[in-house]
>>> print(open('upload_0.cif').read())   # mmCIF, C-alpha atoms
data_query
#
loop_
_atom_site.group_PDB
_atom_site.id
_atom_site.type_symbol
_atom_site.label_atom_id
_atom_site.label_comp_id
_atom_site.auth_asym_id
_atom_site.auth_seq_id
_atom_site.Cartn_x
_atom_site.Cartn_y
_atom_site.Cartn_z
ATOM 1 C CA MET A 1 58.512 -97.421 32.763
ATOM 2 C CA LYS A 2 57.162 -94.042 31.728
ATOM 3 C CA THR A 3 54.023 -94.420 33.860
ATOM 4 C CA VAL A 4 56.079 -95.356 36.921
ATOM 5 C CA ILE A 5 58.128 -92.156 36.572
ATOM 6 C CA LEU A 6 54.994 -90.055 35.999
ATOM 7 C CA LYS A 7 53.277 -91.633 39.021
ATOM 8 C CA SER A 8 56.375 -90.996 41.152
ATOM 9 C CA ILE A 9 56.569 -87.347 40.082
ATOM 10 C CA PHE A 10 52.839 -86.933 40.705
ATOM 11 C CA ALA A 11 53.135 -88.521 44.177
ATOM 12 C CA ILE A 12 56.062 -86.250 45.096
ATOM 13 C CA PHE A 13 54.154 -83.191 43.854
ATOM 14 C CA ILE A 14 51.052 -84.134 45.892
ATOM 15 C CA ALA A 15 53.175 -84.773 49.002
ATOM 16 C CA ILE A 16 54.858 -81.362 48.716
ATOM 17 C CA PHE A 17 51.542 -79.653 47.980
ATOM 18 C CA LEU A 18 49.808 -81.173 51.018
ATOM 19 C CA THR A 19 52.654 -80.671 53.490
ATOM 20 C CA SER A 20 53.689 -77.139 52.617
ATOM 21 C CA CYS A 21 51.057 -75.277 54.648
ATOM 22 C CA ALA A 22 52.006 -73.900 58.067
ATOM 23 C CA ALA A 23 50.856 -71.448 60.717
ATOM 24 C CA ALA A 24 52.874 -69.652 63.387
ATOM 25 C CA HIS A 25 51.577 -67.837 66.439
ATOM 26 C CA LYS A 26 53.365 -65.220 68.497
ATOM 27 C CA GLY A 27 52.388 -62.395 70.794
ATOM 28 C CA TYR A 28 53.266 -60.207 73.733
ATOM 29 C CA MET A 29 51.623 -58.330 76.589
ATOM 30 C CA ALA A 30 52.204 -54.639 77.182
ATOM 31 C CA ASN A 31 51.627 -52.885 80.488
ATOM 32 C CA SER A 32 49.165 -50.164 79.555
ATOM 33 C CA ALA A 33 47.675 -48.954 82.835
ATOM 34 C CA SER A 34 48.779 -49.033 86.446
ATOM 35 C CA LEU A 35 46.351 -51.263 88.327
ATOM 36 C CA SER A 36 48.330 -51.467 91.554
ATOM 37 C CA SER A 37 45.712 -49.912 93.842
ATOM 38 C CA ASN A 38 42.025 -50.674 94.276
ATOM 39 C CA ASN A 39 40.714 -47.508 92.590
ATOM 40 C CA PHE A 40 39.228 -49.028 89.444
ATOM 41 C CA SER A 41 36.523 -51.381 88.227
ATOM 42 C CA TYR A 42 36.305 -53.511 85.092
ATOM 43 C CA VAL A 43 33.807 -52.266 82.501
ATOM 44 C CA LYS A 44 34.468 -54.936 79.836
ATOM 45 C CA LYS A 45 36.909 -57.806 79.626
ATOM 46 C CA ASP A 46 38.588 -59.312 76.585
ATOM 47 C CA VAL A 47 37.541 -56.787 73.942
ATOM 48 C CA GLN A 48 39.258 -57.440 70.608
ATOM 49 C CA GLY A 49 40.246 -55.752 67.395
ATOM 50 C CA THR A 50 41.813 -57.490 64.405
ATOM 51 C CA SER A 51 43.660 -56.541 61.263
ATOM 52 C CA THR A 52 44.784 -58.770 58.385
ATOM 53 C CA ALA A 53 47.305 -58.458 55.576
ATOM 54 C CA LYS A 54 47.481 -60.891 52.653
ATOM 55 C CA TYR A 55 50.494 -61.494 50.444
ATOM 56 C CA ILE A 56 50.553 -63.306 47.101
ATOM 57 C CA LEU A 57 54.032 -64.152 45.850
ATOM 58 C CA GLY A 58 55.390 -61.842 48.564
ATOM 59 C CA ILE A 59 53.475 -58.852 47.217
ATOM 60 C CA GLY A 60 50.601 -57.310 49.130
ATOM 61 C CA GLY A 61 49.652 -55.804 52.448
ATOM 62 C CA MET A 62 49.576 -52.341 50.917
ATOM 63 C CA ALA A 63 46.071 -51.631 52.246
ATOM 64 C CA ARG A 64 47.416 -51.639 55.821
ATOM 65 C CA GLU A 65 49.746 -49.025 57.235
ATOM 66 C CA THR A 66 50.456 -50.998 60.413
ATOM 67 C CA LEU A 67 48.659 -54.103 61.607
ATOM 68 C CA VAL A 68 48.829 -53.328 65.341
ATOM 69 C CA ASN A 69 47.571 -49.761 64.945
ATOM 70 C CA ASP A 70 44.737 -50.840 62.631
ATOM 71 C CA ALA A 71 43.691 -53.576 65.074
ATOM 72 C CA LYS A 72 43.715 -51.105 67.974
ATOM 73 C CA LYS A 73 41.647 -48.608 65.976
ATOM 74 C CA GLN A 74 39.115 -51.348 65.203
ATOM 75 C CA LEU A 75 38.992 -52.259 68.913
ATOM 76 C CA LEU A 76 38.334 -48.639 69.926
ATOM 77 C CA GLU A 77 35.708 -48.128 67.188
ATOM 78 C CA SER A 78 33.783 -51.116 68.518
ATOM 79 C CA ASN A 79 34.271 -50.128 72.173
ATOM 80 C CA SER A 80 34.525 -46.378 72.596
ATOM 81 C CA LEU A 81 36.090 -45.172 75.826
ATOM 82 C CA LYS A 82 34.267 -42.780 78.135
ATOM 83 C CA SER A 83 35.660 -40.382 80.689
ATOM 84 C CA ASN A 84 37.988 -42.029 83.275
ATOM 85 C CA GLN A 85 38.198 -45.226 81.188
ATOM 86 C CA THR A 86 41.329 -46.763 79.720
ATOM 87 C CA LEU A 87 42.661 -49.977 78.238
ATOM 88 C CA ALA A 88 44.444 -52.406 80.564
ATOM 89 C CA ASN A 89 46.068 -55.821 80.191
ATOM 90 C CA LEU A 90 46.781 -55.138 76.528
ATOM 91 C CA THR A 91 47.975 -58.137 74.483
ATOM 92 C CA VAL A 92 49.060 -58.286 70.863
ATOM 93 C CA ASN A 93 48.974 -61.634 69.051
ATOM 94 C CA TYR A 94 49.983 -62.575 65.537
ATOM 95 C CA LYS A 95 48.997 -65.546 63.422
ATOM 96 C CA ILE A 96 51.037 -66.082 60.296
ATOM 97 C CA ALA A 97 49.636 -68.690 57.911
ATOM 98 C CA ARG A 98 51.706 -69.777 54.932
ATOM 99 C CA TYR A 99 50.304 -71.826 52.089
ATOM 100 C CA LEU A 100 52.260 -73.656 49.409
ATOM 101 C CA GLY A 101 55.529 -73.195 51.247
ATOM 102 C CA GLY A 102 54.918 -69.529 51.958
ATOM 103 C CA ALA A 103 56.077 -68.631 48.501
ATOM 104 C CA VAL A 104 52.600 -68.388 46.996
ATOM 105 C CA TYR A 105 50.213 -67.107 49.693
ATOM 106 C CA THR A 106 50.787 -65.728 53.195
ATOM 107 C CA LYS A 107 48.141 -64.318 55.559
ATOM 108 C CA VAL A 108 49.167 -62.305 58.638
ATOM 109 C CA THR A 109 46.474 -61.586 61.247
ATOM 110 C CA CYS A 110 47.075 -59.284 64.217
ATOM 111 C CA THR A 111 44.683 -59.382 67.177
ATOM 112 C CA VAL A 112 44.784 -56.776 69.958
ATOM 113 C CA THR A 113 42.955 -57.797 73.149
ATOM 114 C CA ALA A 114 42.401 -55.620 76.207
ATOM 115 C CA ASP A 115 40.232 -55.019 79.235
ATOM 116 C CA ILE A 116 38.415 -51.703 79.693
ATOM 117 C CA VAL A 117 38.716 -50.323 83.213
ATOM 118 C CA GLU A 118 37.201 -47.246 84.790
ATOM 119 C CA PHE A 119 39.004 -45.314 87.497
ATOM 120 C CA LYS A 120 37.049 -43.910 90.436
#
>>> encode(input="upload_0.cif", output="structure tokens")
Amino acid sequence: MKTVILKSIFAIFIAIFLTSCAAAHKGYMANSASLSSNNFSYVKKDVQGTSTAKYILGIGGMARETLVNDAKKQLLESNSLKSNQTLANLTVNYKIARYLGGAVYTKVTCTVTADIVEFK
């Protein structure tokens, strides 16, 4: 009888452990440059910058001031803008991954994607 109870508890624990991981995605697009007339050309498309914050037991993320700003800074460091260039078609996406029910470990990743255009 004791082994049946122990096996049942172990099976329930394994089921909870294996089913308590989840990921959520969300994002939005911001209008960053007026591209209504034909006075521009694309320099680069789909340039990206990312920033990540990790939380253990709800504590963490202190290394990041803001995820969106850090991701944009990383994007601009990798792709410096020249004169008459700007970012267009700016999108901000989040991925939130929770492990062990979200109570133990959570990882939030912010990705900023944009096109670089140059005005004539």
>>> resolve_selection(input="upload_0.cif", expression="the PyMOL selection byres ((chain A and resi 40) around 8)", output="PyMOL selection string")
chain A and resi 35+37-39+41-42+117-120
>>> write_last_selection(input="upload_0.cif", atoms="C-alpha atoms", output="CSV table (one decimal), keeping the file's coordinate frame")
chain,number,residue,atom,x,y,z
A,35,LEU,CA,46.4,-51.3,88.3
A,37,SER,CA,45.7,-49.9,93.8
A,38,ASN,CA,42.0,-50.7,94.3
A,39,ASN,CA,40.7,-47.5,92.6
A,41,SER,CA,36.5,-51.4,88.2
A,42,TYR,CA,36.3,-53.5,85.1
A,117,VAL,CA,38.7,-50.3,83.2
A,118,GLU,CA,37.2,-47.2,84.8
A,119,PHE,CA,39.0,-45.3,87.5
A,120,LYS,CA,37.0,-43.9,90.4
>>> resolve_selection(input="upload_0.cif", expression="the PyMOL selection byres ((chain A and resi 75) around 12)", output="ChimeraX atom specification")
/A:46-51,68-74,76-81,87,90,92,110-116
>>> write_last_selection(input="upload_0.cif", atoms="C-alpha atoms", output="compact mmCIF listing (two decimals), keeping the file's coordinate frame")
# COMPACT_ATOMS: atom_id res chain seq x y z
CA ASP A 46 38.59 -59.31 76.58
CA VAL A 47 37.54 -56.79 73.94
CA GLN A 48 39.26 -57.44 70.61
CA GLY A 49 40.25 -55.75 67.40
CA THR A 50 41.81 -57.49 64.40
CA SER A 51 43.66 -56.54 61.26
CA VAL A 68 48.83 -53.33 65.34
CA ASN A 69 47.57 -49.76 64.94
CA ASP A 70 44.74 -50.84 62.63
CA ALA A 71 43.69 -53.58 65.07
CA LYS A 72 43.72 -51.10 67.97
CA LYS A 73 41.65 -48.61 65.98
CA GLN A 74 39.12 -51.35 65.20
CA LEU A 76 38.33 -48.64 69.93
CA GLU A 77 35.71 -48.13 67.19
CA SER A 78 33.78 -51.12 68.52
CA ASN A 79 34.27 -50.13 72.17
CA SER A 80 34.52 -46.38 72.60
CA LEU A 81 36.09 -45.17 75.83
CA LEU A 87 42.66 -49.98 78.24
CA LEU A 90 46.78 -55.14 76.53
CA VAL A 92 49.06 -58.29 70.86
CA CYS A 110 47.08 -59.28 64.22
CA THR A 111 44.68 -59.38 67.18
CA VAL A 112 44.78 -56.78 69.96
CA THR A 113 42.96 -57.80 73.15
CA ALA A 114 42.40 -55.62 76.21
CA ASP A 115 40.23 -55.02 79.24
CA ILE A 116 38.42 -51.70 79.69
>>> atom_distance(input="upload_0.cif", atom1="CA of Lys44 in chain A", atom2="CA of Gly27 in chain A")
21.4 Å
>>> resolve_selection(input="upload_0.cif", expression="the PyMOL selection byres ((chain A and resi 25) around 10)", output="NGL selection string")
:A and (23-24 or 26-27 or 93-97 or 108-110)
>>> closest_residue(input="upload_0.cif", among="A:Ile14, A:Leu67, A:Ala88, A:Leu57", to="Thr106 in chain A", atoms="all atoms listed in the file")
A:Leu57
>>> atom_distance(input="upload_0.cif", atom1="CA of Val43 in chain A", atom2="CA of Gln85 in chain A")
8.4 Å
>>> residues_near_point(input="upload_0.cif", point="(51.2, -61.8, 50.6)", cutoff="9 Å", atoms="all atoms listed in the file", output="JSON, numbers by chain")
{"A": [53, 54, 55, 56, 57, 58, 59, 60, 61, 102, 103, 104, 105, 106, 107, 108]}
>>> atom_distance(input="upload_0.cif", atom1="CA of Thr66 in chain A", atom2="CA of Met29 in chain A")
17.8 Å
